[in-house]
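Peer 1: Following this message is one structure expressed as structure tokens.
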Amino acid sequence: MINKLKSASIILVILIVGAGVYFIFSAKKETLPLENLSPQKLHEETYELMQKEEYSQALEKAEASIKIDPNYLDAWVDKGMALYGMGKCTDGAAALYHAVNLDPENEMIGAMLGSMLNECKETENQLGN
């Protein structure tokens, strides 16, 4: 029960971050190849996919955004959250750690990383028991 509450609180933080920081656009989907889209457009599409819990597709777009601009902070956050949504907690934390290194002053991303690391540790402990 406690683990479910902690997982729910992490998801709530993600949703609050999404609602407060990121924009949701309802523009028509472009049919351009991923390489022809801006990192910002890919971020918008990634966010929409994560809202639908389509994490594999979201990860693909986040990685395409990183390929275009390896220093695009939102793409690293998107990658971390998509990986986490896919159950790859450690990989998600690694992506968020990269985001923290890009913007060490961003307390929100640091808090997200801390929550994710705690979740990873709890999952590890459960698997070990």
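Residues are referred to by chain and number: the chain letter is A, B, ... according to the order shown in the structure tokens, the number counts from 1 in that chain, and ligands are numbered separately from 1 in the order shown.
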Write out as a PyMOL selection string each polymer residue whose atoms come within 8 Å of Gly92 of chain A, counting only C-alpha atoms; drop sequence neighbours fewer than 4 positions from it.
Peer 2: chain A and resi 79-84+88+96+116
Peer 1: Write a file of the selected residues as a PDB file, in the first residue's frame, keeping N, CA and C atoms.
Peer 2:
ATOM      1  N   LYS A  79      12.964  11.620 -21.720  1.00  0.00           N
ATOM      2  CA  LYS A  79      13.545  10.275 -21.818  1.00  0.00           C
ATOM      3  C   LYS A  79      13.465   9.564 -20.468  1.00  0.00           C
ATOM      4  N   GLY A  80      13.837  10.279 -19.415  1.00  0.00           N
ATOM      5  CA  GLY A  80      13.787   9.682 -18.080  1.00  0.00           C
ATOM      6  C   GLY A  80      12.387   9.255 -17.685  1.00  0.00           C
ATOM      7  N   MET A  81      11.402  10.094 -17.969  1.00  0.00           N
ATOM      8  CA  MET A  81      10.039   9.779 -17.584  1.00  0.00           C
ATOM      9  C   MET A  81       9.472   8.643 -18.437  1.00  0.00           C
ATOM     10  N   ALA A  82       9.825   8.609 -19.719  1.00  0.00           N
ATOM     11  CA  ALA A  82       9.358   7.525 -20.590  1.00  0.00           C
ATOM     12  C   ALA A  82       9.948   6.187 -20.122  1.00  0.00           C
ATOM     13  N   LEU A  83      11.230   6.185 -19.825  1.00  0.00           N
ATOM     14  CA  LEU A  83      11.871   4.959 -19.336  1.00  0.00           C
ATOM     15  C   LEU A  83      11.247   4.505 -18.017  1.00  0.00           C
ATOM     16  N   TYR A  84      11.011   5.446 -17.151  1.00  0.00           N
ATOM     17  CA  TYR A  84      10.362   5.120 -15.871  1.00  0.00           C
ATOM     18  C   TYR A  84       8.985   4.519 -16.118  1.00  0.00           C
ATOM     19  N   LYS A  88      11.627   0.901 -16.439  1.00  0.00           N
ATOM     20  CA  LYS A  88      13.093   0.898 -16.441  1.00  0.00           C
ATOM     21  C   LYS A  88      13.577   2.026 -15.530  1.00  0.00           C
ATOM     22  N   LEU A  96      17.509  11.317 -16.047  1.00  0.00           N
ATOM     23  CA  LEU A  96      17.249  12.495 -15.218  1.00  0.00           C
ATOM     24  C   LEU A  96      18.541  13.036 -14.616  1.00  0.00           C
ATOM     25  N   MET A 116      12.682   9.352  -8.014  1.00  0.00           N
ATOM     26  CA  MET A 116      12.878   8.180  -8.858  1.00  0.00           C
ATOM     27  C   MET A 116      13.930   7.252  -8.253  1.00  0.00           C
TER      28      MET A 116
END
Peer 1: For Tyr97 of chain A, find every residue with an atom within 8 Å (counting only C-alpha atoms), except residues of its own chain fewer than 4 positions away, and show them as a ChimeraX atom specification.
Peer 2: /A:93,101,113
Peer 1: Quick one, how far is atom CA of Glu107 of chain A from atom CA of Met50 of chain A?
Peer 2: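 The value is 22.0 Å.
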Peer 1: I'd like the contact shell of Pro39 of chain A - 10 Å cut-off, only C-alpha atoms, skipping same-chain residues fewer than 3 positions apart - returned as a ChimeraX atom specification.
Peer 2: /A:34-36,42-45,61-70,72-75
Peer 1: Counting only C-alpha atoms, figure out which residue out of A:Ser56, A:Cys89, A:Asn71, A:Glu48 gets nearest to Glu124 of chain A.
Peer 2: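 The shortest atom-to-atom distance to Glu124 of chain A comes from A:Cys89.
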Peer 1: To one decimal place in Å, what is the distance between atom CA of Gly114 of chain A and atom CA of Leu127 of chain A?
Peer 2: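 Pair atom CA of Gly114 of chain A / atom CA of Leu127 of chain A returns 20.1 Å.
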Peer 1: Find the distance between atom CA of Ala111 of chain A and atom CA of Ser38 of chain A and write it in Å to one decimal.
Peer 2: 27.4 Å
Peer 1: Can you list, as a ChimeraX atom specification, every residue of segment 21-106 of chain A that DSSP puts in helix (DSSP H, G or I)?
Peer 2: /A:21,34-36,39-51,55-68,73-85,89-102
